[in-house]
Structure formats: C-alpha cells, structure tokens
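For reference, target_11.txt (compact mmCIF, C-alpha atoms):
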# COMPACT_ATOMS: atom_id res chain seq x y z
CA MET A 10 -21.97 29.41 5.83
CA MET A 11 -18.66 30.38 4.22
CA ASP A 12 -19.17 29.87 0.50
CA VAL A 13 -16.42 27.48 -0.62
CA THR A 14 -15.92 28.24 -4.30
CA PRO A 15 -12.74 28.14 -6.42
CA GLN A 16 -12.74 31.94 -6.42
CA ASN A 17 -13.01 32.19 -2.64
CA ILE A 18 -10.41 29.46 -2.13
CA ALA A 19 -7.95 31.49 -4.21
CA LEU A 20 -8.76 34.63 -2.19
CA TRP A 21 -8.49 32.85 1.16
CA SER A 22 -5.14 31.37 0.19
CA LYS A 23 -3.82 34.89 -0.35
CA MET A 24 -5.24 36.00 3.00
CA GLY A 25 -3.67 33.10 4.88
CA PRO A 26 -4.97 31.29 7.96
CA THR A 27 -5.43 34.30 10.24
CA GLY A 28 -7.29 36.19 7.54
CA VAL A 29 -9.72 33.30 7.18
CA LEU A 30 -9.93 33.04 10.97
CA GLY A 31 -11.33 36.57 10.88
CA LEU A 32 -13.89 35.66 8.22
CA ALA A 33 -15.05 32.60 10.15
CA ALA A 34 -15.25 34.71 13.31
CA MET A 35 -17.63 37.10 11.57
CA GLU A 36 -19.85 34.21 10.50
CA LEU A 37 -19.93 32.83 14.02
CA GLY A 38 -20.68 36.27 15.41
CA ALA A 39 -23.69 36.61 13.14
CA THR A 40 -25.06 33.10 13.66
CA ASN A 41 -24.22 32.23 17.27
CA GLU A 42 -24.82 34.79 20.00
CA ALA A 43 -23.05 32.56 22.53
CA VAL A 44 -19.69 32.99 20.78
CA PHE A 45 -17.08 35.21 22.43
CA PHE A 46 -13.60 35.87 21.06
CA LEU A 47 -10.72 36.50 23.44
CA THR A 48 -7.20 37.62 22.56
CA ALA A 49 -3.98 38.24 24.45
CA ASP A 50 -3.26 41.53 22.68
CA LEU A 51 -3.10 39.95 19.23
CA GLY A 52 -6.55 40.79 17.87
CA VAL A 53 -5.28 42.62 14.78
CA TYR A 54 -2.73 39.92 13.98
CA SER A 55 -5.40 37.23 14.47
CA GLY A 56 -7.75 38.82 11.95
CA LEU A 57 -10.28 39.85 14.59
CA SER A 58 -10.49 43.60 13.98
CA ARG A 59 -13.87 43.37 12.20
CA PHE A 60 -15.28 41.09 14.89
CA ALA A 61 -14.14 43.52 17.59
CA ALA A 62 -15.82 46.42 15.81
CA SER A 63 -19.01 44.50 15.00
CA TYR A 64 -19.47 42.68 18.32
CA PRO A 65 -17.62 44.72 20.97
CA ASP A 66 -19.63 43.14 23.80
CA ARG A 67 -18.37 39.71 22.77
CA TYR A 68 -14.73 40.61 22.22
CA ILE A 69 -12.27 40.61 25.12
CA ASN A 70 -8.64 41.69 24.94
CA THR A 71 -6.93 40.54 28.12
CA GLY A 72 -3.61 42.08 27.16
CA ILE A 73 -0.46 40.00 27.35
CA ALA A 74 -1.95 37.78 30.05
CA GLU A 75 -2.48 34.35 28.52
CA GLN A 76 -3.15 32.59 31.81
CA ASN A 77 -5.85 35.10 32.72
CA MET A 78 -7.34 34.71 29.25
CA ILE A 79 -7.87 30.99 29.86
CA GLY A 80 -9.43 31.75 33.24
CA ILE A 81 -11.87 34.24 31.70
CA ALA A 82 -12.68 31.76 28.94
CA ALA A 83 -13.37 29.14 31.61
CA GLY A 84 -15.84 31.44 33.34
CA LEU A 85 -17.64 32.13 30.07
CA ALA A 86 -17.79 28.42 29.23
CA ALA A 87 -19.15 27.62 32.69
CA GLU A 88 -21.99 30.09 32.01
CA GLY A 89 -22.96 28.40 28.75
CA CYS A 90 -21.05 30.61 26.33
CA THR A 91 -18.72 29.45 23.56
CA PRO A 92 -15.38 31.17 24.20
CA ILE A 93 -12.73 31.09 21.47
CA ALA A 94 -9.37 32.31 22.76
CA THR A 95 -6.41 33.02 20.51
CA THR A 96 -2.77 34.04 20.68
CA TYR A 97 0.55 32.65 19.50
CA ALA A 98 0.62 28.87 19.72
CA THR A 99 3.76 28.81 21.84
CA PHE A 100 2.17 30.98 24.54
CA LEU A 101 -1.14 29.11 24.56
CA SER A 102 0.64 25.79 25.00
CA MET A 103 3.58 26.67 27.23
CA ARG A 104 2.73 29.78 29.24
CA ALA A 105 -0.89 28.81 29.97
CA ALA A 106 -0.31 25.06 30.29
CA ASP A 107 -1.51 24.79 33.90
CA GLN A 108 -4.73 26.69 33.23
CA VAL A 109 -5.39 24.64 30.10
CA ARG A 110 -4.78 21.39 31.98
CA VAL A 111 -7.15 22.28 34.81
CA CYS A 112 -9.92 24.13 32.96
CA MET A 113 -10.02 22.10 29.75
CA GLY A 114 -8.60 18.75 30.86
CA GLU A 115 -9.77 18.22 34.44
CA MET A 116 -12.91 20.43 34.33
CA LYS A 117 -13.71 19.54 30.68
CA LEU A 118 -14.96 23.04 29.93
CA PRO A 119 -15.68 23.47 26.20
CA ILE A 120 -13.15 26.23 25.59
CA LYS A 121 -11.87 26.56 22.03
CA LEU A 122 -8.27 27.68 21.56
CA VAL A 123 -6.64 28.88 18.34
CA GLY A 124 -2.85 28.93 18.29
CA THR A 125 -1.59 31.28 15.60
CA GLY A 126 1.94 31.26 14.23
CA ALA A 127 2.39 27.57 14.94
CA GLY A 128 5.50 26.00 13.47
CA LEU A 129 7.98 28.33 11.77
CA SER A 130 5.90 31.17 10.31
CA THR A 131 6.86 33.52 13.18
CA GLY A 132 10.49 32.46 12.88
CA ILE A 133 11.73 35.97 12.16
CA LEU A 134 10.99 36.68 15.85
CA GLY A 135 13.17 33.80 16.99
CA ALA A 136 12.59 30.55 18.82
CA THR A 137 10.60 32.27 21.60
CA HIS A 138 7.73 32.74 19.15
CA MET A 139 7.94 29.43 17.27
CA GLY A 140 5.14 27.06 18.25
CA LEU A 141 7.00 23.75 18.03
CA GLU A 142 5.73 21.79 21.03
CA ASP A 143 2.04 22.68 21.11
CA MET A 144 0.62 19.46 19.62
CA SER A 145 2.80 17.45 21.96
CA LEU A 146 1.40 19.20 25.02
CA PHE A 147 -2.26 19.39 24.04
CA ARG A 148 -2.59 15.80 22.87
CA THR A 149 -1.39 14.51 26.26
CA ILE A 150 -4.28 16.21 28.08
CA PRO A 151 -7.28 13.86 28.10
CA GLY A 152 -10.37 15.07 26.29
CA ILE A 153 -8.87 17.89 24.22
CA THR A 154 -9.46 17.62 20.48
CA VAL A 155 -6.43 18.83 18.52
CA LEU A 156 -6.90 20.11 14.96
CA SER A 157 -4.20 21.08 12.47
CA PRO A 158 -5.76 22.43 9.24
CA ALA A 159 -3.92 21.92 5.95
CA ASP A 160 -4.69 25.26 4.32
CA ALA A 161 -6.67 28.47 4.67
CA THR A 162 -9.94 26.89 3.55
CA GLU A 163 -9.60 24.11 6.09
CA THR A 164 -8.88 26.72 8.74
CA GLY A 165 -12.38 28.10 8.26
CA LYS A 166 -13.93 24.65 8.29
CA ALA A 167 -12.00 23.68 11.42
CA LEU A 168 -13.07 26.78 13.35
CA LEU A 169 -16.74 26.36 12.43
CA ALA A 170 -16.60 22.67 13.37
CA ALA A 171 -14.84 23.45 16.65
CA ALA A 172 -17.54 25.95 17.63
CA GLU A 173 -20.14 23.19 17.31
CA HIS A 174 -18.02 20.53 19.04
CA PRO A 175 -19.23 19.79 22.58
CA GLY A 176 -15.80 19.50 24.20
CA PRO A 177 -12.56 21.49 24.47
CA VAL A 178 -10.65 22.04 21.22
CA TYR A 179 -7.23 23.32 20.21
CA ILE A 180 -6.60 24.48 16.63
CA ARG A 181 -3.03 25.13 15.48
CA LEU A 182 -2.55 27.41 12.50
CA THR A 183 0.57 26.95 10.39
CA GLY A 184 1.55 28.92 7.33
CA ALA A 185 1.28 32.55 6.31
CA GLN A 186 -0.25 34.75 3.64
CA ASN A 187 -0.19 33.37 0.09
CA GLN A 188 -0.53 29.88 1.51
CA PRO A 189 -0.75 27.27 -1.28
CA PRO A 190 -4.20 25.65 -1.33
CA VAL A 191 -4.57 21.92 -0.76
CA TYR A 192 -8.22 21.93 -1.81
CA LYS A 193 -9.48 23.46 -5.05
CA GLU A 194 -13.19 22.84 -4.36
CA ASP A 195 -15.54 22.18 -1.46
CA TYR A 196 -15.25 18.98 0.56
CA ASN A 197 -16.51 17.37 3.75
CA PHE A 198 -14.53 18.11 6.92
CA VAL A 199 -15.23 15.81 9.86
CA ILE A 200 -13.31 16.01 13.13
CA GLY A 201 -11.39 12.77 13.66
CA LYS A 202 -11.59 11.56 10.04
CA ALA A 203 -8.43 11.80 7.95
CA ILE A 204 -8.79 12.70 4.28
CA TYR A 205 -7.21 10.57 1.54
CA LEU A 206 -5.83 12.91 -1.11
CA ARG A 207 -3.76 10.53 -3.20
CA GLU A 208 -3.24 6.77 -3.50
CA GLY A 209 0.23 5.23 -3.53
CA LYS A 210 1.73 1.77 -3.05
CA ASP A 211 5.39 2.57 -2.30
CA VAL A 212 5.17 5.45 0.17
CA ALA A 213 2.38 6.74 2.41
CA PHE A 214 2.71 10.36 3.54
CA LEU A 215 0.74 11.08 6.72
CA ALA A 216 0.96 14.87 6.81
CA THR A 217 -0.59 17.70 8.77
CA GLY A 218 -0.80 21.48 8.50
CA THR A 219 1.30 23.12 5.80
CA MET A 220 3.14 19.86 5.23
CA VAL A 221 0.10 18.39 3.47
CA HIS A 222 0.76 20.60 0.46
CA ALA A 223 4.51 19.91 0.69
CA ALA A 224 3.77 16.17 0.72
CA GLN A 225 1.54 16.53 -2.35
CA LYS A 226 4.31 18.26 -4.26
CA ALA A 227 6.85 15.71 -3.05
CA ALA A 228 4.56 12.94 -4.30
CA ASP A 229 4.54 14.60 -7.73
CA LEU A 230 8.35 14.66 -7.79
CA LEU A 231 8.56 11.05 -6.64
CA ALA A 232 6.14 9.98 -9.36
CA GLU A 233 8.60 11.34 -11.93
CA GLN A 234 11.14 8.91 -10.46
CA GLY A 235 8.78 5.95 -10.61
CA VAL A 236 7.90 6.03 -6.90
CA SER A 237 4.19 5.79 -6.09
CA ALA A 238 3.40 7.99 -3.07
CA GLY A 239 0.07 8.38 -1.32
CA VAL A 240 -0.90 11.43 0.75
CA ILE A 241 -3.28 11.49 3.72
CA ASN A 242 -4.30 14.74 5.41
CA MET A 243 -4.19 14.07 9.16
CA HIS A 244 -6.03 17.25 10.13
CA THR A 245 -7.03 15.79 13.50
CA ILE A 246 -4.15 14.85 15.80
CA ALA A 247 -6.36 13.91 18.75
CA PRO A 248 -8.35 11.78 18.48
CA LEU A 249 -6.14 10.27 15.79
CA ASP A 250 -7.74 8.38 12.91
CA GLU A 251 -6.17 5.02 13.70
CA ALA A 252 -7.89 3.33 10.76
CA ALA A 253 -6.06 5.69 8.40
CA VAL A 254 -2.76 4.82 10.04
CA ARG A 255 -3.40 1.11 9.63
CA GLN A 256 -4.44 1.56 6.01
CA ALA A 257 -1.13 3.32 5.36
CA CYS A 258 0.60 0.09 6.37
CA ALA A 259 -0.11 -1.24 2.86
CA ALA A 260 2.82 0.88 1.62
CA ARG A 261 6.52 -0.05 1.82
CA LEU A 262 7.30 3.03 3.90
CA ILE A 263 5.22 5.31 6.15
CA ILE A 264 6.32 8.92 6.50
CA THR A 265 4.89 11.46 8.94
CA VAL A 266 5.53 15.11 8.10
CA GLU A 267 4.80 18.02 10.41
CA GLU A 268 5.88 21.61 11.02
CA HIS A 269 6.40 20.68 14.67
CA ALA A 270 8.98 19.05 16.89
CA VAL A 271 9.66 15.52 15.68
CA VAL A 272 9.06 14.29 19.23
CA GLY A 273 5.54 14.32 20.63
CA GLY A 274 3.46 15.40 17.66
CA LEU A 275 1.91 13.55 14.72
CA GLY A 276 4.91 11.27 14.25
CA SER A 277 4.83 10.13 17.85
CA ALA A 278 1.06 9.62 17.75
CA VAL A 279 1.39 7.43 14.64
CA ALA A 280 4.29 5.51 16.19
CA GLU A 281 2.12 4.72 19.21
CA VAL A 282 -0.60 3.28 17.00
CA LEU A 283 1.89 1.20 15.02
CA ALA A 284 3.58 -0.10 18.17
CA GLU A 285 0.27 -1.45 19.43
CA GLY A 286 -0.83 -2.94 16.10
CA GLY A 287 1.67 -5.66 15.30
CA THR A 288 3.65 -5.88 12.04
CA HIS A 289 4.06 -2.67 10.05
CA PRO A 290 6.43 -1.14 7.48
CA PRO A 291 9.27 1.19 8.52
CA LEU A 292 8.26 4.62 9.84
CA LEU A 293 10.14 7.80 8.98
CA ARG A 294 9.23 10.79 11.13
CA ILE A 295 10.04 14.19 9.64
CA GLY A 296 9.84 17.32 11.77
CA LEU A 297 12.11 19.62 13.73
CA ALA A 298 14.83 18.24 16.00
CA ALA A 299 16.13 21.54 17.45
CA TYR A 300 15.28 25.22 17.81
CA PRO A 301 16.35 27.08 14.66
CA HIS A 302 17.88 30.52 14.67
CA ALA A 303 15.67 33.41 13.63
CA ALA A 304 15.11 33.68 9.88
CA ILE A 305 12.35 34.31 7.39
CA TYR A 306 9.75 31.57 7.01
CA GLU A 307 10.79 30.27 3.60
CA GLN A 308 14.43 30.10 4.66
CA LEU A 309 13.56 28.11 7.78
CA LEU A 310 11.52 25.60 5.80
CA GLN A 311 14.49 25.16 3.46
CA GLN A 312 16.95 24.78 6.34
CA GLN A 313 14.81 22.19 8.08
CA GLY A 314 14.19 20.09 4.97
CA LEU A 315 10.45 20.83 5.03
CA THR A 316 10.19 21.64 1.34
CA PRO A 317 9.01 19.15 -1.32
CA GLU A 318 12.61 18.72 -2.48
CA GLY A 319 13.79 18.16 1.08
CA LEU A 320 11.10 15.54 1.64
CA VAL A 321 12.08 13.73 -1.56
CA GLN A 322 15.69 13.50 -0.41
CA ARG A 323 14.63 11.95 2.90
CA VAL A 324 12.31 9.50 1.12
CA GLN A 325 14.99 8.42 -1.34
CA LYS A 326 17.40 7.63 1.46
CA ALA A 327 14.78 5.82 3.53
CA LEU A 328 13.65 3.69 0.58
CA ALA A 329 17.26 2.75 -0.14
CA ASP A 330 17.58 1.55 3.45
CA CYS A 331 14.35 -0.48 3.40
What would the structure in this file look like if it were written as structure tokens?
Amino acid sequence: MMDVTPQNIALWSKMGPTGVLGLAAMELGATNEAVFFLTADLGVYSGLSRFAASYPDRYINTGIAEQNMIGIAAGLAAEGCTPIATTYATFLSMRAADQVRVCMGEMKLPIKLVGTGAGLSTGILGATHMGLEDMSLFRTIPGITVLSPADATETGKALLAAAEHPGPVYIRLTGAQNQPPVYKEDYNFVIGKAIYLREGKDVAFLATGTMVHAAQKAADLLAEQGVSAGVINMHTIAPLDEAAVRQACAARLIITVEEHAVVGGLGSAVAEVLAEGGTHPPLLRIGLAAYPHAAIYEQLLQQQGLTPEGLVQRVQKALADC
C-alpha cells in the first residue's frame, strides 16, 4: 500500500494528482495482474511512463481515439480484467459519451475512468481542454460512481478504492503540481462517505476537488470576522452522501463549491437532495457560469472567484441577504 506519511504527503503535493496517479498505477501493477492501463496518447502527461515500461503487456495507447479506448476497455472488462482508462476529462466525458453510456451505464461493465485536467488546470490550452461538464454528464448515467479527490493524497486513495470497486467508476482530477494538501496525515477514505473537516454553525461549505482546500482557507478568513464556517469534503458526487447534506442544514447558509460548471455538478446534486427534504437554509452554489478565455491556472481561479478571498466575498454577500 502507498505509505501515507507526512513526508510522502508533502512529496505527493509537489508531484500533483497525475504524479500520484502514476505511483498508484505502479502499486496496482505490482499487486493486481488483472489491471490494465489505457491512454489516448497522454501516457506521459498522466504519469504512466513507469507503468508502461514496467508492464508493457498491460499498457495500451490507443492514440487520440477516445471512443475506441472505451471500446477496448469494455472488451477487457468483459473478459474479467480491470481496465483503467485515462485522458483529459473533457474528452472522456464529451467525445466518448455514447460509448460510456452504453458500456458503463447500460452494460454495467466495471471500467474505471480517470479524467485528468478537470476544471481549469489545462486552461492555458483554452476552453476546448477545460473539463467543466464532466461531473454533470457522468452523474446522470445510472450506476457510475463519480469521485472527485480533494488533493494528491486522496487521488491515490481514490484510484486504489476504484480498482477494488465492483462497478464502473469515474475519477476527476483537478489541480496541478504543488497542489496544497488538505490532509496532513493518514485517514480513512470510503466511497460514498463525505468527510467532515471542520465544524461551523453559521456556514457549511460542501466542497469537492481543489475547492476543499480553498474552502478551508476561506473558513479561516471568515473565522477572523466572527463567522463560524464548517467544511465537508464531498469527494463522492455519485452516490452523494445525502446524510452529510442534511447535516449541513444545521447552518444558516449552505455553500457548494466546485471547479466545475455551476449547473449539473455538486451544487445541482445538493439542490436535488434539499428540494426533496423539506425545510432547509438558503443554498449558494459557486462554480463556473461560462467558458473562460485561455489563461494560466492561477489567473483563471482568480477571475472566477475560486480563491479563498473570492469565496469569502460571496459568503459575506449571501449572509447579508439571509
């Protein structure tokens, strides 16, 4: 197993999610002979170079042919293998949507997908490479588990858990190298169970992906202003931890934060739960409302208000309107 120590957490944070994806791939290669990794010409950028060199018979590069990659993964899954296919999140979700729907939704084949560059981290390449709708698409297909790890350490835990999960799984990776760690020591990761990071009576942040760390920092800033803010890591989008959503209703204001389109992702999933559960506090959904122009990652986060300071501004206004 990956040894989760403070020293390794610091190293993994520098490596970023795709670097840790490569480490977890090596562990799976050594411990599970049924595991195959597939890539649509992004093996190097997905951290899979060592896996390709160590297990060439279980590494398949389909080239820039995402739909074919899903078809090959389906054949492997039907033969009892554990295929893990990876490319940019936008191409997995949009270009291969029909194959995903049929092979993973209708046929229920236990394919595992890893969408890299989800959110804004590939923003320098423009909107074509920004994975902003992937959670929205995958969570509408029955039976697909959707995971959105909060940091590099959780990326490793999510991949190892997905490999053992009996059904189809999609993992979206947000962030880049030098990703701030959410966790400083080992912890228990369970698919479908949100993690309570901080208690708060005024505001409840339900955050996912990189926005978990941003919410933690925003909670620190709000505390300086006398606002008590709780933070919950919603690392599983489907199936959603509805009990965590209902517990958040003890606060004056619920806020969902995601590096994803504001429509269809975590915020929409939480809104659905609240709409079916009776009385609840106001809900503020924070995400992206349009396709940004190409820019570096940090600049895009600033522009979209997805920094701790940007979150605080939104919270202050929302609380004033409560």
Sort by chain and increasing residue number a table of all residues of range 71-121 of chain A within 7 Å of range 177-185 of chain A, each with its closest pair of atoms and their distance in Å to one decimal, counting only C-alpha atoms, and write it as CSV.
residue,atom,partner,partner_atom,distance
A:Ala98,CA,A:Arg181,CA,6.7
A:Met113,CA,A:Pro177,CA,5.9
A:Lys117,CA,A:Pro177,CA,6.6
A:Leu118,CA,A:Pro177,CA,6.2
A:Pro119,CA,A:Pro177,CA,4.1
A:Ile120,CA,A:Pro177,CA,4.9
A:Lys121,CA,A:Val178,CA,4.8
Residues of the last selection are to be written out with C-alpha atoms, as a short mmCIF file (atom, residue, chain, number, x, y, z; two decimals), in the frame of the given file.
data_model
loop_
_atom_site.label_atom_id
_atom_site.label_comp_id
_atom_site.auth_asym_id
_atom_site.auth_seq_id
_atom_site.Cartn_x
_atom_site.Cartn_y
_atom_site.Cartn_z
CA ALA A 98 0.62 28.87 19.72
CA MET A 113 -10.02 22.10 29.75
CA LYS A 117 -13.71 19.54 30.68
CA LEU A 118 -14.96 23.04 29.93
CA PRO A 119 -15.68 23.47 26.20
CA ILE A 120 -13.15 26.23 25.59
CA LYS A 121 -11.87 26.56 22.03
#
Residues near Ala105 in chain A, cut-off 10 Å, all atoms listed in the file, skip fewer than 6 positions along chain, as a PDB file with C-alpha atoms, in the frame of the given file:
ATOM      1  CA  ALA A  74      -1.950  37.780  30.050  1.00  0.00           C
ATOM      2  CA  GLU A  75      -2.480  34.350  28.520  1.00  0.00           C
ATOM      3  CA  GLN A  76      -3.150  32.590  31.810  1.00  0.00           C
ATOM      4  CA  ASN A  77      -5.850  35.100  32.720  1.00  0.00           C
ATOM      5  CA  MET A  78      -7.340  34.710  29.250  1.00  0.00           C
ATOM      6  CA  ILE A  79      -7.870  30.990  29.860  1.00  0.00           C
ATOM      7  CA  GLY A  80      -9.430  31.750  33.240  1.00  0.00           C
ATOM      8  CA  THR A  99       3.760  28.810  21.840  1.00  0.00           C
TER       9      THR A  99
END
*Please, what distance in Å, to one decimal, runs between CA of Thr71 in chain A and CA of Met24 in chain A?*
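Interatomic distance here is 25.6 Å.
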Could you work out an axis-aligned box for range 45-63 of chain A, taking every atom the file lists and adding 4 Å on each side, and report centre and edge lengths in Å to one decimal, as lines of an AutoDock Vina configuration file?
center_x = -10.9
center_y = 40.8
center_z = 18.2
size_x = 24.3
size_y = 19.2
size_z = 20.5
*Please identify all polymer residues within 12 Å of Gln16 in chain A, counting all atoms listed in the file, omitting same-chain residues fewer than 6 positions from it, and present them as a PyMOL selection string.*
chain A and resi 22-23+162+190+192-195
Restricted to C-alpha atoms, what would the selected residues look like written as a JSON list (two decimals), in the frame of the given file?
[["chain", "number", "residue", "atom", "x", "y", "z"],
["A", 22, "SER", "CA", -5.14, 31.37, 0.19],
["A", 23, "LYS", "CA", -3.82, 34.89, -0.35],
["A", 162, "THR", "CA", -9.94, 26.89, 3.55],
["A", 190, "PRO", "CA", -4.20, 25.65, -1.33],
["A", 192, "TYR", "CA", -8.22, 21.93, -1.81],
["A", 193, "LYS", "CA", -9.48, 23.46, -5.05],
["A", 194, "GLU", "CA", -13.19, 22.84, -4.36],
["A", 195, "ASP", "CA", -15.54, 22.18, -1.46]]
Using all atoms listed in the file, determine which residues lie at most 7 Å from range 302-312 of chain A, disregarding the query and same-chain residues fewer than 2 positions distant; provide the list as a PDB file with C-alpha atoms, keeping the file's coordinate frame.
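Listed below is the output, selection.pdb:
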ATOM      1  CA  LEU A 129       7.980  28.330  11.770  1.00  0.00           C
ATOM      2  CA  SER A 130       5.900  31.170  10.310  1.00  0.00           C
ATOM      3  CA  GLY A 132      10.490  32.460  12.880  1.00  0.00           C
ATOM      4  CA  ILE A 133      11.730  35.970  12.160  1.00  0.00           C
ATOM      5  CA  LEU A 134      10.990  36.680  15.850  1.00  0.00           C
ATOM      6  CA  GLY A 135      13.170  33.800  16.990  1.00  0.00           C
ATOM      7  CA  ALA A 136      12.590  30.550  18.820  1.00  0.00           C
ATOM      8  CA  TYR A 300      15.280  25.220  17.810  1.00  0.00           C
ATOM      9  CA  GLY A 314      14.190  20.090   4.970  1.00  0.00           C
ATOM     10  CA  LEU A 315      10.450  20.830   5.030  1.00  0.00           C
ATOM     11  CA  THR A 316      10.190  21.640   1.340  1.00  0.00           C
TER      12      THR A 316
END
*Between A:Asn70, A:Thr149, A:Thr219, A:Asn242, which has the minimum distance to Val109 in chain A (counting all atoms listed in the file)?*
A:Thr149
*Using only C-alpha atoms, which residue out of A:Thr14, A:Gln186, A:Thr245, A:Gln256 lies closest to Ala159 in chain A?*
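So, comparing all the options, the nearest one is A:Thr245.
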*What is the CA of Leu146 in chain A to CA of Ala34 in chain A distance in Å?*
25.6 Å
_So that I can see what lies close to range 317-328 of chain A, please list as a ChimeraX atom specification the residues with an atom at most 10 Å from it, counting only C-alpha atoms and leaving out residues fewer than 4 positions away in the same chain._
/A:211-212,214,220,222-231,234,236,238,261-264,266,291-295,310-313
*Which is closest to Met144 in chain A among A:Ile69, A:Ala278, A:Ala170, A:Ala33, if we use all atoms listed in the file?*
A:Ala278
